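Working notes, beginning with the structure itself.
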Amino acid sequence: MKGFTKRAILAACVGAAMLISAGCGFNQNAQNTQLTYNGSSTLAPVISKIATDFTEKNKTWSHADSSLPDKDITIYVSSGGSGTGIKAVIDGTADFGLVAREVKDSEKAKIKDYNEIKVGIDALTIAVNPENPLYAIKDNLTKEEIIKIFSGEYKTWNQVDPSLPNQEIIVVTRDLGGGAHEVFQQKIMGSVEVTKDAIQAPSMGALVTKVKENPYAIGYASYGMLGQNKGQIVAFKVDGVAPTDETITDGSYMIQRPLLIVGKGNMGGVADAFTKYLKSEEGRKVIHKMGFVPVN
Amino acid sequence: MHLSDRFISGIVPIMAVSVLVLYIGIVLYMAIEAWPALIHMSWMDIVTGTVWKPMAQSPVLGLAYIISASLYISLLSLIWALPLGIGTSVGLSLGVSPRIRQFCLSTIDMIAGIPSVIVGFIGLAVVVPAIQSMFSLSTGESILSASLVLAFMILPYIVTHCTESIETYRQRYEETALGLGISPWHTMKAIVLPSAKGSIILSSVLAFSRAMGETMAVMMVVGNAPILPNLLGKAEPIPSLIALEMGSVEYNSLHYSGLYVAALVLLIILILTNVLVYMYSWKTRKDGHHEVI
């Protein structure tokens with residue numbers, strides 16, 4: 001028994017030593033030639049794709065910019081939601097956070113020398129199945145109508161218009177705490193809450209699948225998803241404005257959110273080189289191809 | 001002692017203790033992260049509250065509907081899976097040759113290895129539309145769909161566990177029973193199944209724990225609406241709540257802390273069920289009944 005106690009104490013000490021040394025490992029990389037991005041699952045695939053292109057094109061940092069060290073380019077991108085991205089920057093587990101919404105002031109306050117770069121805009125479209133009965137009679141919804149549909153004030157389609165069938169309106173949303181929903185809440189619902197009956201889809205793909213298979217469903221699909229599922233889902237105009245590149249860029253289409261890269265102060269050479277590439281023609285092309293509207 | 005023996009006897013306790021420390025650490029971490037929410041609202045208010053509004057000015061963290069959804073789905077899936085599982089075990093034990101039994105058992109084990117996201121996807125593509133048209137619902141995402149998908153996922157646990165113990169008891173009593181002229185099926189009903197009762201209960205608890213914690217497959221077919229759970233209606237169990245909201249939660253907010261409370265509740269339910277079962281199994285053993293595991 002005594003021997004066991006002694007070994008147990010030894011074990012605890014060794015365990016602690018291992019943890020401490022592992023903790024130090026993170027700070028060994030003084031010569032920073034790697035970049036880490038973490039955050040929004042909307043933005044992460046875009047950054048990941050652009051990072052792959054950038055790495056394949058240049059191989060080393062010095063090739064991208066001759067003033068940089070002659071080291072291999074390493075860019076890590078992981079996704080876990082906008083909130084996780086900001087947490088990662090605050091904790092220092094990532095150099096940059098990917099955020100697909102406006103950053104709250106309370107969050108900005110926690111980041112030293114807050115710095116954000118806007119790389120694009122994502123828009124949400126009020127999407128239904130092409131066989132949706134409402135879409136058959138009109139292609140425009142006013143903000144008030146959208147609020148009534150999503151808040152559950154209209155329960156069945158014939159309450160929206162008496163000529164429609166007496167079928168329940170199936171409201172599909174993303175998770176109510178997520179970035180996409182936050183945009184919808186802010187730009188459309190205001191202080192009105194979405195019906196508790198709404199299906200919370202775990203991903204944009206799941207949301208679109210639901211709309212595709214059920215003519216009585218309505219949800220906010222991302223603008224990119226609308227492009228990828230042409231013919232299978234259709235979008236209403238909102239207050240007379242259809243979602244297009246132009247209306248999203250000039251801000252006249254209201255349900256939109258910025259795609260931001262958030263960091264602590266100026267990261268210097270390596271980060272600047274990649275940011276420059278993100279903003280270049282090639283970077284913008286990828287952003288557009290993946291369903292978002294790039295900004296200057 | 002040989003050097004290698006001394007090395008092993010030194011390293012094994014280190015590993016054992018680190019695992020223990022790790023587990024205790026995780027629970028402590030959860031408790032610390034949950035603390036702000038528990039100060040904001042009492043345990044009682046959280047467990048009995050029906051409103052989950054973590055983003056409000058003053059967040060309301062009522063988990064009653066969410067906890068009951070979790071229990072409802074898991075128990076219902078157990079109701080589907082248990083008769084099927086025990087039936088399969090009895091059938092495998094009595095009805096087929098050992099070679100076929102072995103083949104079936106390894107196939108069933110393989111089913112347990114199907115990633116839950118795939119099971120969920122099949123559930124979304126097959127079960128949800130089927131339930132939708134069968135009950136002419138406006139949408140098929142429901143407790144019923146989720147419990148059926150879950151039943152499929154926990155079935156292998158029940159079958160593997162039960163077959164093992166049913167086989168043990170069958171072999172033990174086979175010759176005596178045959179010698180007395182009792183048919184194998186009657187022996188099964190009168191002696192083997194009652195003896196294996198403890199082990200069947202244990203396997204149900206394992207399956208229940210598995211069902212309570214399953215996230216992805218359930219999340220895809222349950223609709224995730226935090227409303228009063230109803231057999232043919234949508235619901236949001238604890239793991240779905242955490243998985244959906246964890247990604248976008250504001251760090252260190254009450255919402256974040258509230259999700260840790262939900263996780264703690266899940267953990268407590270699981271620990272309680274396991275403790276109860278071990279107490280039961282310990283009691284029956286002490287009372288001189290058959291060994292149960």
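Residues are referred to by chain and number: the chain letter is A, B, ... according to the order shown in the structure tokens, the number counts from 1 in that chain, and ligands are numbered separately from 1 in the order shown.
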
If we count only C-alpha atoms and set the cut-off at 12 Å, which residues sit around Ala125 (chain B), ignoring sequence neighbours fewer than 2 positions away in its own chain? Please answer as a PyMOL selection string. (chain A and resi 206+209-210+213) or (chain B and resi 118-123+127-132+140-141+145+149+217+220-221)

Can you tell me, as a PyMOL selection string, what residues are no more than 9 Å from region 85-102 of chain B when counting only C-alpha atoms, ignoring any on the same chain fewer than 6 positions away? chain B and resi 155-164+166-167+170+184-185+188+193+200

May I ask you to extract the residues of chain A within 10 Å of chain B, using only C-alpha atoms, and to give them as a PyMOL selection string? chain A and resi 4-5+7-16+39-41+79-88+90+99+104+106-107+167-170+172-180+182+195-203+206+209-210+213-214+216-217

DSSP on the backbone, then: every residue of region 29-265 of chain A marked strand (DSSP E), written as JSON, numbers by chain. {"A": [34, 35, 36, 37, 38, 39, 74, 75, 76, 77, 78, 79, 96, 97, 98, 99, 114, 115, 116, 117, 118, 119, 120, 121, 122, 123, 124, 125, 126, 127, 128, 140, 141, 170, 171, 172, 173, 174, 199, 200, 201, 217, 218, 219, 220, 221, 222, 234, 235, 237, 238, 256, 257, 258, 259, 260, 261, 262, 263, 264]}

List the spatial neighbours of Val192 (chain A) as a VMD selection string - criterion: any atom at most 8 Å away, only C-alpha atoms, same-chain residues fewer than 3 positions off excluded. chain A and resid 147 151 189

Export of the given selection (C-alpha atoms) as an mmCIF file, in the first residue's frame:
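What ended up in result-v3.cif:
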```
data_model
loop_
_atom_site.group_PDB
_atom_site.id
_atom_site.type_symbol
_atom_site.label_atom_id
_atom_site.label_comp_id
_atom_site.auth_asym_id
_atom_site.auth_seq_id
_atom_site.Cartn_x
_atom_site.Cartn_y
_atom_site.Cartn_z
ATOM 1 C CA ILE A 147 -41.662 38.552 -39.751
ATOM 2 C CA SER A 151 -42.555 34.422 -35.853
ATOM 3 C CA MET A 189 -36.993 40.177 -37.108
#
```

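Relative to CA of Tyr260 (chain B), CA of Ile242 (chain B) is found at 8.2 Å.
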
Rounded to one decimal, what separation in Å do you get between CA of Lys59 (chain A) and CA of Thr36 (chain A)?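 Between these atoms lies a distance of 16.8 Å.
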
I'd like to know which residues of region 88-232 of chain A are helix (DSSP H, G or I) (by DSSP, run on the backbone); could you write them as a ChimeraX atom specification? /A:88-91,105-110,133-137,143-151,157-160,179-189,204-213,223-228

Best match for closeness to Ala109 (chain A) among A:Ile126, A:Tyr277, A:Lys264, A:Ser48, counting only C-alpha atoms: A:Lys264

Could you name the residues that touch Thr249 (chain A) at 12 Å or less, counting only C-alpha atoms, but leaving out those on the same chain fewer than 4 positions away, as a list of chain:residue names? A:Gly120, A:Ile121, A:Asp122, A:Ala123, A:Pro243, A:Thr244, A:Asp245, A:Tyr253, A:Met254, A:Ile255, A:Gln256, A:Arg257, A:Pro258, A:Phe292, A:Val293, A:Pro294, A:Val295, A:Asn296

Filtering to C-alpha atoms, could you give me those residues as a compact mmCIF listing (two decimals), in the first residue's frame?
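Output file again_28.txt follows:
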```txt
# COMPACT_ATOMS: atom_id res chain seq x y z
CA GLY A 120 -16.50 39.61 -48.37
CA ILE A 121 -20.22 39.68 -47.82
CA ASP A 122 -22.57 36.78 -47.32
CA ALA A 123 -26.26 37.28 -47.87
CA PRO A 243 -30.59 39.15 -54.02
CA THR A 244 -27.86 39.72 -56.65
CA ASP A 245 -24.16 40.61 -56.56
CA TYR A 253 -30.44 43.94 -50.28
CA MET A 254 -30.77 44.06 -46.54
CA ILE A 255 -30.20 40.53 -45.21
CA GLN A 256 -26.44 40.38 -45.37
CA ARG A 257 -23.47 39.89 -43.09
CA PRO A 258 -19.78 40.77 -43.39
CA PHE A 292 -19.93 35.06 -51.47
CA VAL A 293 -19.56 38.58 -52.72
CA PRO A 294 -15.96 39.83 -52.44
CA VAL A 295 -15.30 43.43 -51.36
CA ASN A 296 -12.44 45.77 -52.10
```

So, with only C-alpha atoms as the atoms that count, which of B:Asn230, B:Ser116, B:Ser257, B:Ser195 lies closest to Ser142 (chain B)? B:Asn230

Just how far from CA of Asn32 (chain A) is CA of Thr55 (chain A), in Å to one decimal? 16.0 Å
